[in-house]
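Participant: This is structure-v2.cif, which holds mmCIF, C-alpha atoms (C1' of nucleotides):
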```cif
data_input
loop_
_atom_site.label_atom_id
_atom_site.label_comp_id
_atom_site.auth_asym_id
_atom_site.auth_seq_id
_atom_site.Cartn_x
_atom_site.Cartn_y
_atom_site.Cartn_z
CA MET A 1 127.20 26.93 138.36
CA LYS A 2 127.39 30.63 138.96
CA LEU A 3 129.54 31.55 141.88
CA ASP A 4 128.07 33.20 144.93
CA PHE A 5 129.48 35.61 147.50
CA LYS A 6 128.66 36.57 151.06
CA VAL A 7 130.26 39.09 153.40
CA LYS A 8 130.84 37.31 156.71
CA LYS A 9 132.35 40.06 158.85
CA GLU A 10 133.26 43.72 158.73
CA GLU A 11 136.14 44.98 160.80
CA SER A 12 135.01 47.37 163.49
CA ARG A 13 137.54 50.17 162.97
CA THR A 14 138.11 49.97 159.20
CA SER A 15 136.23 49.14 156.01
CA ALA A 16 137.95 45.77 155.74
CA ARG A 17 135.74 42.74 155.39
CA LEU A 18 135.89 38.97 155.36
CA GLY A 19 133.88 37.14 152.76
CA GLU A 20 133.24 33.74 151.25
CA ILE A 21 132.95 32.74 147.64
CA TYR A 22 130.95 29.56 147.00
CA TYR A 23 131.91 27.73 143.88
CA ASN A 24 131.66 24.16 142.71
CA GLY A 25 131.11 22.83 146.21
CA LYS A 26 134.06 24.72 147.63
CA ILE A 27 134.45 27.81 149.77
CA TYR A 28 137.10 30.38 148.90
CA LYS A 29 137.80 33.17 151.35
CA THR A 30 138.27 36.86 150.68
CA PRO A 31 140.26 39.10 150.72
CA MET A 32 141.97 37.08 148.01
CA PHE A 33 144.96 37.44 145.74
CA MET A 34 144.38 36.08 142.22
CA PRO A 35 147.38 34.93 140.16
CA VAL A 36 147.42 36.00 136.52
CA GLY A 37 147.44 33.48 133.69
CA THR A 38 147.06 35.68 130.64
CA GLN A 39 147.32 32.99 127.99
CA ALA A 40 145.39 30.31 129.86
CA THR A 41 148.42 29.45 131.98
CA VAL A 42 150.01 31.02 135.01
CA LYS A 43 153.43 31.28 133.43
CA THR A 44 155.67 28.30 134.28
CA LEU A 45 153.17 26.70 136.70
CA SER A 46 150.75 23.79 136.52
CA PRO A 47 147.17 24.02 137.85
CA GLU A 48 148.09 21.44 140.51
CA GLU A 49 150.88 23.69 141.76
CA ILE A 50 148.56 26.69 141.78
CA LYS A 51 146.03 24.82 143.87
CA GLU A 52 148.73 23.62 146.22
CA MET A 53 149.43 27.28 147.01
CA GLU A 54 145.80 27.68 148.11
CA ALA A 55 144.98 29.93 145.18
CA GLY A 56 141.31 30.49 144.38
CA ILE A 57 140.37 32.54 141.36
CA ILE A 58 142.91 32.87 138.58
CA LEU A 59 142.83 35.35 135.71
CA SER A 60 142.97 34.95 132.00
CA ASN A 61 142.75 37.45 129.19
CA THR A 62 140.16 38.01 126.50
CA TYR A 63 142.43 39.87 124.13
CA HIS A 64 145.16 37.24 124.14
CA LEU A 65 142.85 34.24 123.86
CA TRP A 66 140.88 35.97 121.12
CA LEU A 67 144.06 36.23 119.03
CA ARG A 68 145.39 32.80 120.02
CA PRO A 69 143.99 30.19 119.91
CA GLY A 70 140.69 31.99 119.28
CA GLU A 71 137.60 31.70 121.48
CA GLU A 72 136.11 29.07 119.13
CA ILE A 73 138.90 26.65 119.94
CA VAL A 74 138.44 27.17 123.66
CA HIS A 75 134.70 26.73 123.23
CA LEU A 76 135.22 23.49 121.29
CA ALA A 77 137.53 22.28 124.05
CA GLY A 78 134.58 22.64 126.42
CA GLY A 79 135.45 26.05 127.86
CA LEU A 80 138.46 27.50 129.60
CA HIS A 81 138.29 25.18 132.62
CA LYS A 82 138.54 22.05 130.56
CA PHE A 83 140.94 23.57 128.08
CA MET A 84 143.50 24.47 130.75
CA ASN A 85 142.52 21.81 133.29
CA TYR A 86 141.69 24.21 136.12
CA ASP A 87 138.55 23.49 138.11
CA GLY A 88 138.78 26.53 140.38
CA PRO A 89 137.08 29.81 139.49
CA ILE A 90 138.42 31.78 136.52
CA LEU A 91 138.06 35.49 135.83
CA THR A 92 138.68 36.94 132.38
CA ASP A 93 139.83 40.48 131.85
CA SER A 94 137.97 42.17 129.04
CA GLY A 95 140.86 43.47 126.99
CA GLY A 96 140.29 46.88 128.51
CA PHE A 97 143.80 47.05 129.86
CA GLN A 98 145.14 46.42 126.37
CA VAL A 99 143.31 49.58 125.34
CA PHE A 100 145.71 51.28 127.68
CA SER A 101 148.83 49.32 126.81
CA LEU A 102 148.43 48.70 123.08
CA ALA A 103 146.12 51.30 121.51
CA LYS A 104 146.63 55.01 120.98
CA PRO A 105 144.02 57.53 122.15
CA LYS A 106 143.09 58.33 118.56
CA ASP A 107 142.14 54.70 118.00
CA ILE A 108 139.43 54.84 120.67
CA SER A 109 135.96 55.69 119.37
CA GLU A 110 132.41 55.32 120.61
CA GLU A 111 132.14 52.08 118.66
CA GLY A 112 135.18 50.47 120.27
CA VAL A 113 138.96 50.33 120.00
CA LEU A 114 141.15 49.75 116.97
CA PHE A 115 144.12 47.56 117.82
CA LYS A 116 147.13 46.55 115.90
CA ASN A 117 147.42 42.82 116.48
CA HIS A 118 150.78 42.58 118.24
CA LEU A 119 151.46 39.22 116.61
CA ASN A 120 151.08 40.09 112.95
CA GLY A 121 150.12 43.75 112.66
CA ASP A 122 146.53 43.14 111.49
CA GLN A 123 144.07 45.83 112.36
CA LEU A 124 141.41 44.63 114.79
CA LEU A 125 138.30 46.23 116.26
CA LEU A 126 137.34 45.25 119.77
CA THR A 127 133.95 46.47 120.96
CA PRO A 128 132.09 46.01 124.24
CA GLU A 129 129.77 43.50 122.57
CA LYS A 130 132.63 41.57 121.03
CA SER A 131 134.54 41.41 124.32
CA ILE A 132 131.54 40.02 126.16
CA GLU A 133 130.74 37.60 123.35
CA ILE A 134 134.30 36.25 123.51
CA GLN A 135 134.15 35.95 127.29
CA ASN A 136 130.80 34.14 127.07
CA LYS A 137 132.42 31.62 124.78
CA LEU A 138 135.53 31.27 126.93
CA ASP A 139 133.10 30.39 129.70
CA SER A 140 135.00 32.01 132.54
CA ASP A 141 133.17 32.43 135.85
CA ILE A 142 133.61 36.17 136.06
CA ALA A 143 133.67 38.39 132.99
CA MET A 144 134.75 42.00 133.04
CA SER A 145 133.08 44.88 131.27
CA PHE A 146 135.06 46.35 128.42
CA ASP A 147 136.36 49.67 129.70
CA GLU A 148 138.80 52.34 128.77
CA CYS A 149 141.67 52.40 131.22
CA PRO A 150 143.14 55.88 131.01
CA PRO A 151 146.45 56.68 132.71
CA ALA A 152 146.09 58.07 136.20
CA SER A 153 147.76 61.25 134.98
CA ALA A 154 145.05 61.93 132.37
CA SER A 155 143.42 65.34 132.68
CA TYR A 156 140.18 65.81 134.55
CA GLU A 157 138.41 66.63 131.29
CA TYR A 158 139.71 63.53 129.56
CA LEU A 159 138.81 61.29 132.51
CA LYS A 160 135.33 62.76 132.62
CA GLN A 161 134.49 62.00 129.00
CA SER A 162 136.27 58.65 129.30
CA ILE A 163 134.23 57.42 132.28
CA GLU A 164 131.03 58.49 130.58
CA ARG A 165 131.93 56.39 127.56
CA THR A 166 133.00 53.49 129.77
CA ILE A 167 129.54 53.59 131.37
CA ARG A 168 127.90 53.50 127.92
CA TRP A 169 130.17 50.58 127.03
CA ALA A 170 129.23 48.82 130.29
CA LYS A 171 125.56 49.15 129.36
CA ARG A 172 126.17 47.72 125.88
CA GLY A 173 128.20 44.87 127.32
CA LYS A 174 125.49 44.02 129.81
CA MET A 175 122.94 43.88 127.00
CA ALA A 176 125.20 41.53 125.06
CA HIS A 177 125.89 39.25 128.02
CA LYS A 178 124.24 35.87 127.47
CA ASN A 179 126.09 33.38 129.69
CA GLU A 180 123.79 32.73 132.65
CA LYS A 181 126.43 30.91 134.67
CA GLN A 182 128.91 33.75 134.33
CA MET A 183 129.12 36.79 136.58
CA LEU A 184 129.66 40.16 134.94
CA PHE A 185 131.49 42.97 136.72
CA GLY A 186 131.33 46.70 136.07
CA ILE A 187 134.44 48.88 136.32
CA VAL A 188 134.81 52.15 138.18
CA GLN A 189 137.25 54.71 136.75
CA GLY A 190 137.95 58.37 137.53
CA GLY A 191 141.57 58.77 138.62
CA ALA A 192 142.01 60.21 142.08
CA TYR A 193 139.04 62.60 141.79
CA GLU A 194 136.29 61.89 144.26
CA ASP A 195 133.50 63.39 142.15
CA LEU A 196 134.53 61.35 139.11
CA ARG A 197 134.88 58.12 141.08
CA LYS A 198 131.54 58.77 142.73
CA PHE A 199 129.81 59.46 139.42
CA SER A 200 131.42 56.43 137.81
CA ALA A 201 130.53 54.18 140.74
CA LEU A 202 126.92 55.31 141.09
CA GLU A 203 126.20 55.14 137.36
CA THR A 204 127.80 51.71 137.08
CA VAL A 205 125.92 50.43 140.11
CA LYS A 206 122.66 51.55 138.46
CA LEU A 207 123.33 48.93 135.81
CA ASP A 208 123.30 46.28 138.55
CA PHE A 209 126.39 44.16 137.98
CA ASP A 210 127.36 41.03 139.92
CA GLY A 211 130.41 42.78 141.29
CA TYR A 212 132.52 45.90 140.79
CA SER A 213 136.10 46.60 139.88
CA ILE A 214 138.31 49.55 140.52
CA GLY A 215 140.33 50.30 137.42
CA GLY A 216 142.84 52.88 136.30
CA VAL A 217 145.12 52.37 139.29
CA ALA A 218 148.84 51.55 139.40
CA ASN A 219 149.22 52.26 135.71
CA ASP A 220 151.14 55.48 135.61
CA HIS A 221 153.54 55.73 138.55
CA GLU A 222 150.94 57.75 140.38
CA SER A 223 151.56 58.35 144.06
CA LYS A 224 150.42 55.76 146.59
CA GLU A 225 148.28 58.46 148.11
CA ASP A 226 146.39 58.91 144.83
CA MET A 227 146.00 55.16 144.44
CA TYR A 228 144.53 54.82 147.91
CA LYS A 229 142.21 57.75 147.26
CA ALA A 230 141.00 55.98 144.13
CA PHE A 231 140.26 52.89 146.26
CA GLU A 232 138.47 54.86 148.91
CA TYR A 233 136.43 57.09 146.59
CA SER A 234 135.26 53.99 144.72
CA THR A 235 134.37 51.51 147.46
CA LYS A 236 132.56 54.26 149.35
CA TYR A 237 129.84 54.26 146.67
CA LEU A 238 129.63 50.52 146.02
CA PRO A 239 127.05 48.14 147.49
CA LYS A 240 128.39 46.24 150.49
CA GLU A 241 127.01 42.86 149.51
CA LYS A 242 128.89 42.66 146.19
CA LEU A 243 132.49 41.74 145.44
CA ARG A 244 134.98 44.57 144.95
CA TYR A 245 138.08 44.01 142.91
CA ALA A 246 141.15 46.28 142.56
CA MET A 247 142.51 45.53 139.12
CA GLY A 248 146.21 44.99 138.72
CA ILE A 249 147.11 45.59 142.34
CA GLY A 250 149.71 43.36 143.86
CA GLU A 251 152.38 45.15 145.87
CA PRO A 252 152.00 43.78 149.39
CA ILE A 253 151.43 47.18 150.95
CA ASP A 254 148.88 48.11 148.27
CA ILE A 255 146.93 44.94 149.03
CA ILE A 256 146.82 45.81 152.72
CA GLU A 257 145.76 49.39 152.02
CA GLY A 258 143.13 48.15 149.58
CA VAL A 259 141.68 45.72 152.09
CA LEU A 260 141.53 48.53 154.66
CA ARG A 261 139.36 50.42 152.18
CA GLY A 262 136.95 47.57 151.60
CA ILE A 263 138.40 45.68 148.64
CA ASP A 264 138.03 41.89 148.37
CA LEU A 265 139.95 40.85 145.27
CA PHE A 266 143.37 41.69 143.88
CA ASP A 267 145.32 40.42 140.93
CA CYS A 268 148.78 41.21 139.68
CA VAL A 269 151.47 39.99 137.32
CA SER A 270 154.14 41.05 139.79
CA PRO A 271 154.80 37.68 141.48
CA THR A 272 155.43 35.94 138.17
CA ARG A 273 157.11 38.79 136.32
CA LEU A 274 159.39 39.59 139.24
CA ALA A 275 160.17 35.89 139.44
CA ARG A 276 161.32 35.80 135.84
CA HIS A 277 163.63 38.67 136.63
CA GLY A 278 165.06 37.08 139.74
CA HIS A 279 163.21 38.89 142.52
CA ALA A 280 161.54 37.40 145.56
CA PHE A 281 159.11 38.83 148.09
CA THR A 282 160.03 38.31 151.72
CA SER A 283 158.52 39.62 154.93
CA LEU A 284 161.67 41.73 155.24
CA GLY A 285 161.25 43.31 151.80
CA LYS A 286 161.85 42.40 148.22
CA ILE A 287 165.19 40.81 147.42
CA ASN A 288 167.07 40.47 144.13
CA LEU A 289 168.62 37.04 143.82
CA LYS A 290 170.89 38.30 141.06
CA ASN A 291 172.85 40.17 143.73
CA ALA A 292 176.34 38.78 144.24
CA LYS A 293 175.81 38.47 147.98
CA TYR A 294 173.63 35.38 147.46
CA LYS A 295 176.33 33.42 145.65
CA LYS A 296 177.16 31.37 148.72
CA ASP A 297 173.87 31.74 150.58
CA PHE A 298 172.73 28.18 151.15
CA THR A 299 169.60 29.12 153.10
CA PRO A 300 166.03 29.30 151.78
CA ILE A 301 164.51 32.60 150.64
CA SER A 302 162.48 32.70 153.86
CA GLU A 303 162.93 30.39 156.83
CA ASP A 304 159.30 30.95 157.79
CA CYS A 305 157.79 30.35 154.34
CA ASP A 306 155.82 27.16 153.78
CA CYS A 307 156.13 27.02 149.98
CA TYR A 308 157.67 24.17 147.99
CA THR A 309 160.59 26.37 146.97
CA CYS A 310 161.54 27.39 150.48
CA LYS A 311 161.16 23.86 151.77
CA ASN A 312 163.55 22.43 149.19
CA TYR A 313 165.91 24.99 147.61
CA THR A 314 168.53 27.54 148.57
CA LYS A 315 169.10 31.10 147.43
CA ALA A 316 172.49 30.14 145.94
CA TYR A 317 170.89 27.46 143.79
CA ILE A 318 168.04 29.68 142.60
CA LYS A 319 170.52 32.49 141.88
CA HIS A 320 172.51 30.07 139.76
CA LEU A 321 169.40 29.06 137.80
CA ILE A 322 168.40 32.68 137.24
CA ASN A 323 171.93 33.58 136.15
CA CYS A 324 171.88 30.75 133.62
CA GLU A 325 168.37 31.71 132.52
CA GLU A 326 167.14 28.23 133.35
CA SER A 327 163.34 28.20 133.39
CA PHE A 328 163.27 26.17 136.61
CA GLY A 329 164.54 29.26 138.42
CA ALA A 330 161.57 31.34 137.23
CA ARG A 331 159.30 28.48 138.27
CA LEU A 332 160.69 28.21 141.78
CA LEU A 333 160.47 31.98 142.28
CA SER A 334 156.94 32.12 140.84
CA ILE A 335 155.85 29.47 143.31
CA HIS A 336 157.40 31.39 146.18
CA ASN A 337 156.11 34.83 145.16
CA ILE A 338 152.54 33.70 144.55
CA ARG A 339 152.51 31.77 147.79
CA PHE A 340 153.88 34.86 149.55
CA LEU A 341 150.96 37.02 148.41
CA ILE A 342 148.39 34.32 149.15
CA SER A 343 149.89 33.79 152.55
CA LEU A 344 149.75 37.56 153.08
CA THR A 345 146.00 37.48 152.44
CA GLU A 346 145.69 34.63 154.96
CA LYS A 347 147.36 36.82 157.58
CA ILE A 348 145.17 39.74 156.59
CA ARG A 349 142.04 37.62 157.04
CA MET A 350 143.19 36.51 160.45
CA ALA A 351 143.79 40.13 161.43
CA ILE A 352 140.32 41.15 160.26
CA GLN A 353 138.89 38.27 162.25
CA ASN A 354 140.67 39.65 165.32
CA ASP A 355 139.96 43.32 164.47
CA THR A 356 143.69 44.02 164.36
CA LEU A 357 144.31 44.91 160.73
CA LEU A 358 145.70 48.36 161.58
CA GLU A 359 148.22 46.82 163.94
CA PHE A 360 149.06 44.22 161.33
CA ARG A 361 149.74 46.97 158.79
CA GLN A 362 152.12 48.71 161.18
CA GLU A 363 153.99 45.54 161.89
CA PHE A 364 154.17 44.64 158.22
CA LEU A 365 155.49 48.07 157.23
CA GLN A 366 158.09 47.95 159.97
CA ASN A 367 159.42 44.61 158.74
CA TYR A 368 159.06 45.12 155.01
CA TYR A 369 160.52 48.59 154.71
CA GLY A 370 162.62 48.55 157.87
CA GLY A 371 161.17 51.82 159.07
CA THR A 372 161.89 53.65 155.81
CA TYR A 373 158.34 53.59 154.45
CA GLY A 374 157.10 56.94 153.28
CA GLU A 375 160.59 58.35 152.84
CA GLU A 376 161.45 59.48 149.34
"C1'" G B 1 217.34 28.72 112.25
"C1'" C B 2 215.05 32.42 108.59
"C1'" G B 3 210.92 35.56 107.25
"C1'" G B 4 205.96 37.71 108.17
"C1'" A B 5 201.84 39.13 111.38
"C1'" A B 6 199.89 40.22 115.98
"C1'" U B 7 199.95 41.98 121.34
"C1'" U B 8 193.86 47.34 123.68
"C1'" G B 9 189.16 45.76 130.16
"C1'" G B 10 186.82 39.50 132.59
"C1'" U B 11 185.93 38.05 127.03
"C1'" G B 12 185.35 39.26 121.58
"C1'" A B 13 187.02 43.41 119.62
"C1'" A B 14 186.85 49.10 117.20
"C1'" G B 15 190.02 53.17 117.12
"C1'" U B 16 193.03 57.97 116.74
"C1'" G B 17 199.64 61.75 117.03
"C1'" G B 18 196.17 66.13 120.97
"C1'" U B 19 189.69 67.05 125.88
"C1'" U B 20 185.82 61.74 128.97
"C1'" A B 21 189.47 54.60 124.33
"C1'" A B 22 183.45 52.87 120.18
"C1'" C B 23 180.41 48.64 120.34
"C1'" A B 24 178.93 43.74 122.07
"C1'" C B 25 178.96 39.94 125.76
"C1'" G B 26 180.03 39.19 130.81
"C1'" C B 27 180.06 41.23 135.57
"C1'" C B 28 177.85 44.80 139.38
"C1'" G B 29 173.45 47.55 140.59
"C1'" G B 30 168.34 49.35 139.69
"C1'" A B 31 163.33 49.08 137.51
"C1'" U B 32 158.92 46.06 136.76
"C1'" U B 33 151.30 46.65 139.79
"C1'" G B 34 143.84 44.28 134.89
"C1'" U B 35 151.76 40.53 131.36
"C1'" G B 36 153.18 42.51 123.68
"C1'" G B 37 157.61 36.72 129.39
"C1'" C B 38 163.94 35.96 127.67
"C1'" U B 39 162.52 43.60 128.70
"C1'" C B 40 164.18 48.41 130.09
"C1'" C B 41 167.77 51.84 132.63
"C1'" G B 42 172.48 52.81 134.90
"C1'" G B 43 177.68 51.43 136.27
"C1'" U B 44 181.93 48.85 134.72
"C1'" A B 45 190.06 49.92 131.01
"C1'" U B 46 193.68 56.40 135.51
"C1'" G B 47 195.00 52.75 130.62
"C1'" C B 48 196.20 50.18 125.02
"C1'" G B 49 202.76 43.55 126.10
"C1'" U B 50 207.86 45.46 128.49
"C1'" G B 51 211.94 48.98 128.16
"C1'" G B 52 213.95 52.94 125.54
"C1'" G B 53 213.57 56.88 121.74
"C1'" U B 54 211.23 60.83 118.31
"C1'" U B 55 207.67 64.86 119.48
"C1'" C B 56 205.14 70.61 122.69
"C1'" G B 57 202.28 65.93 123.13
"C1'" A B 58 202.15 58.89 121.81
"C1'" U B 59 197.84 53.44 122.72
"C1'" C B 60 198.73 55.27 117.70
"C1'" C B 61 205.68 56.80 114.73
"C1'" C B 62 210.94 54.45 115.45
"C1'" C B 63 214.32 50.74 118.00
"C1'" A B 64 215.17 46.59 121.20
"C1'" C B 65 213.19 42.72 124.01
"C1'" A B 66 209.20 39.29 125.47
"C1'" U B 67 204.99 36.46 124.22
"C1'" U B 68 201.59 34.42 120.62
"C1'" U B 69 200.76 32.91 115.77
"C1'" C B 70 201.56 31.78 110.49
"C1'" G B 71 204.88 30.32 106.53
"C1'" C B 72 209.67 28.26 104.90
"C1'" C B 73 214.06 25.19 105.84
#
```
Can I see the file as structure tokens?
Facilitator:
Amino acid sequence: MKLDFKVKKEESRTSARLGEIYYNGKIYKTPMFMPVGTQATVKTLSPEEIKEMEAGIILSNTYHLWLRPGEEIVHLAGGLHKFMNYDGPILTDSGGFQVFSLAKPKDISEEGVLFKNHLNGDQLLLTPEKSIEIQNKLDSDIAMSFDECPPASASYEYLKQSIERTIRWAKRGKMAHKNEKQMLFGIVQGGAYEDLRKFSALETVKLDFDGYSIGGVANDHESKEDMYKAFEYSTKYLPKEKLRYAMGIGEPIDIIEGVLRGIDLFDCVSPTRLARHGHAFTSLGKINLKNAKYKKDFTPISEDCDCYTCKNYTKAYIKHLINCEESFGARLLSIHNIRFLISLTEKIRMAIQNDTLLEFRQEFLQNYYGGTYGEE
RNA sequence: GCGGAAUUGGUGAAGUGGUUAACACGCCGGAUUGUGGCUCCGGUAUGCGUGGGUUCGAUCCCCACAUUUCGCC
């Protein structure tokens, strides 16, 4: 079954919206945060735990699954859902981000991108057609177009020729797309330039995708202001009835600002990566459990958090696990951090329902940054 | 009892008669946004067993003592 989406409400004073995704007899609400499970697993967590946190869509990655175990294996297993035992919706990234993180500019050509396989050094060519073909086989519910993800600091000239090529790649990918039950999203690029974002959005929309992503953000230490411009200049030119997804965005404040500009979906490695390094999100800001001050802190990370970790474990215990590099520590923090972001989206949805998202943002900023937000 | 060797930060240790005592681990901070998970970046000995001496100058040379350790009786 192909998933379906409907916008249920738009906030009166902002571009924020509430929506519903219909999938497999269930309703998932947007705005939504999607945990990342690159190698067909959200690191350290079981699908049951993920569902317990009220997660909806989870991500997986074309590039990684292509190399290991190979899309054929996943196909033989009966597709990604069966392979990893997750019956909620799954989105696969196209490998486009790996163009940014693994390939050099000189390896990018009209045909596709030359990669050095990070596992054994083999040279590999990933093309728009190949990426879509792999995603068709993986049988995810949402596939992404294969794009070039240039750094936000790239020059105007570079971005311009890059988005033009990404549009040509999107067209090729759409032609190659054969999986009828799978949605295919186009990706808007263009840095923080309104004319480039507009051009990229309008040309991509012409190809009529099932949804649209905003790419090329949060990849280069660009300013928040530029990131939010990129959001705004993209959603402004996208059809209202389709899903909008900000790729790789997962700092709490960035999610709020994205929602304010009309974005429905967010994904980020931050909750799980930060967890592995001992950090936890709290409504009063991010904390580092490695800090000595938690040695004798026998209280939960957050008194008001409803996650398994906060209901059962103390900061002192988790600190100990992290210090000893015990994997259970990373697990407990991953559970908490993912639940924190999902719970944030629940609060955001409630605020949109009440038309109070701007007030919610103020309150959140006040608590999270203690009045220091915006100071450098 | 006799003879030898050693003694550098929380730990393992490098080192030189002359500005800021290498490195590693640990510890203390920080980073991390479509994940190349055990990563990156900082900080961390006002002092080289103790007391004397030689020297313009000693952690480094000499003497004594203490402690540790090895061998012999």
Participant: What is the CA of Lys224 (chain A) to CA of Val259 (chain A) distance in Å?
Facilitator: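 Going from CA of Lys224 (chain A) over to CA of Val259 (chain A), I get 14.4 Å.
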Participant: With a cut-off of 7 Å and counting all atoms listed in the file, select all residues of chain A in contact with chain B and give the selection as a list in words.
Facilitator: Thr38, Asp93, Phe97, His118, Ala218, Met247, Gly248, Ile249, Gly250, Glu251, Cys268, Val269, Ser270 and Leu274 of chain A
Participant: Which one is closest to G49 (chain B): B:U7, B:C25, B:C2, B:A14? Count all atoms listed in the file.
Facilitator: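 Of B:U7, B:C25, B:C2, B:A14, the one nearest G49 (chain B) is B:U7, counting all atoms listed in the file.
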Participant: Using only C-alpha atoms (C1' of nucleotides), determine which residues lie at most 12 Å from Asn61 (chain A), disregarding the query and same-chain residues fewer than 6 positions distant; provide the list as a VMD selection string.
Facilitator: (chain A and resid 36 to 42 67 to 71 80 90 to 98 131 to 132 134 to 135 138 to 140 142 to 144 146) or (chain B and resid 34 to 35)
Participant: Can you find the residues with an atom no farther than 9 Å from (140.2, 50.4, 118.0), counting only C-alpha atoms (C1' of nucleotides), and report them as a list in words?
Facilitator: Val99, Ala103, Lys104, Lys106, Asp107, Ile108, Ser109, Glu111, Gly112, Val113, Leu114, Phe115, Lys116, Gln123, Leu124, Leu125, Leu126 and Thr127 of chain A
Participant: How would you write, as a list in words, the residues chosen by the PyMOL selection byres ((chain A and resi 275-289) around 7) on this structure?
Facilitator: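 Answer for the PyMOL selection byres ((chain A and resi 275-289) around 7): Pro271, Thr272, Arg273, Leu274, Lys290, Asn291, Tyr294, Ser302, Lys315, Lys319, Ile322, Ala330, Leu333, Ser334, Asn337, Phe340, Asn367, Tyr368 and Tyr369 of chain A.
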Participant: With 4 Å added on each side, what axis-aligned box encloses every listed atom of region 137-143 of chain A? Give the centre and edge lengths in Å to one decimal, as AutoDock Vina command-line options.
Facilitator:
```
--center_x 134.0 --center_y 34.4 --center_z 130.4 --size_x 11.1 --size_y 16.0 --size_z 19.3
```
Participant: Can you give me, as a VMD selection string, the residues this file yields under the PyMOL selection byres ((chain A and resi 199-213) around 7)?
Facilitator: chain A and resid 163 167 171 183 to 190 195 to 198 214 to 215 234 237 to 238 242 to 247
Participant: Name the closest residue to Phe33 (chain A) among the candidates A:Glu222, A:Glu303, A:Asp254, A:Glu363; distances are taken between atoms, counting only C-alpha atoms.
Facilitator: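 The shortest atom-to-atom distance to Phe33 (chain A) comes from A:Asp254.
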Participant: Please, what distance in Å, to one decimal, runs between CA of Ala230 (chain A) and CA of Gly216 (chain A)?
Facilitator: 8.6 Å
Participant: Could you spell out the hits of the PyMOL selection byres ((chain A and resi 16-28) around 10) on the shown file, as a PyMOL selection string?
Facilitator: chain A and resi 1-15+29-32+54-57+87-89+141+240-243+256-264+348-353+355+357
Participant: Between CA of Lys236 (chain A) and CA of Tyr193 (chain A), measure the distance and give it in Å to one decimal.
Facilitator: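 Interatomic distance, CA of Lys236 (chain A) to CA of Tyr193 (chain A): 13.0 Å.
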Participant: When distances are computed from all atoms listed in the file, which of A:Cys307, A:Cys149, A:Ala170, A:Met34 shows the smallest separation from Ser101 (chain A)?
Facilitator: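 The answer is A:Cys149, which sits nearest to Ser101 (chain A).
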Participant: Can you pull out the residues contacting Ile335 (chain A)? Cut-off 8 Å, using only C-alpha atoms (C1' of nucleotides), and skip same-chain residues under 3 positions away; I want them as a PyMOL selection string.
Facilitator: chain A and resi 45+49-50+53+307-309+331-332+338-339
Participant: Give as a ChimeraX atom specification the set of residues within 12 Å of the point (199.5, 61.5, 115.0), where distances use the file's coordinates and only C-alpha atoms (C1' of nucleotides).
Facilitator: /B:16-18,55,57-61
Participant: Kindly save the residues from that selection, with C-alpha atoms (C1' of nucleotides) included, as an mmCIF file, in the coordinates of the input.
Facilitator:
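See selection10.cif below for the written result:
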```cif
data_model
loop_
_atom_site.group_PDB
_atom_site.id
_atom_site.type_symbol
_atom_site.label_atom_id
_atom_site.label_comp_id
_atom_site.auth_asym_id
_atom_site.auth_seq_id
_atom_site.Cartn_x
_atom_site.Cartn_y
_atom_site.Cartn_z
ATOM 1 C "C1'" U B 16 193.030 57.970 116.740
ATOM 2 C "C1'" G B 17 199.640 61.750 117.030
ATOM 3 C "C1'" G B 18 196.170 66.130 120.970
ATOM 4 C "C1'" U B 55 207.670 64.860 119.480
ATOM 5 C "C1'" G B 57 202.280 65.930 123.130
ATOM 6 C "C1'" A B 58 202.150 58.890 121.810
ATOM 7 C "C1'" U B 59 197.840 53.440 122.720
ATOM 8 C "C1'" C B 60 198.730 55.270 117.700
ATOM 9 C "C1'" C B 61 205.680 56.800 114.730
#
```
Participant: Would you please work out which residue, of A:Asn354, A:Ser145, A:Thr62, A:Asn136, is nearest to His75 (chain A) when using all atoms listed in the file?
Facilitator: A:Asn136
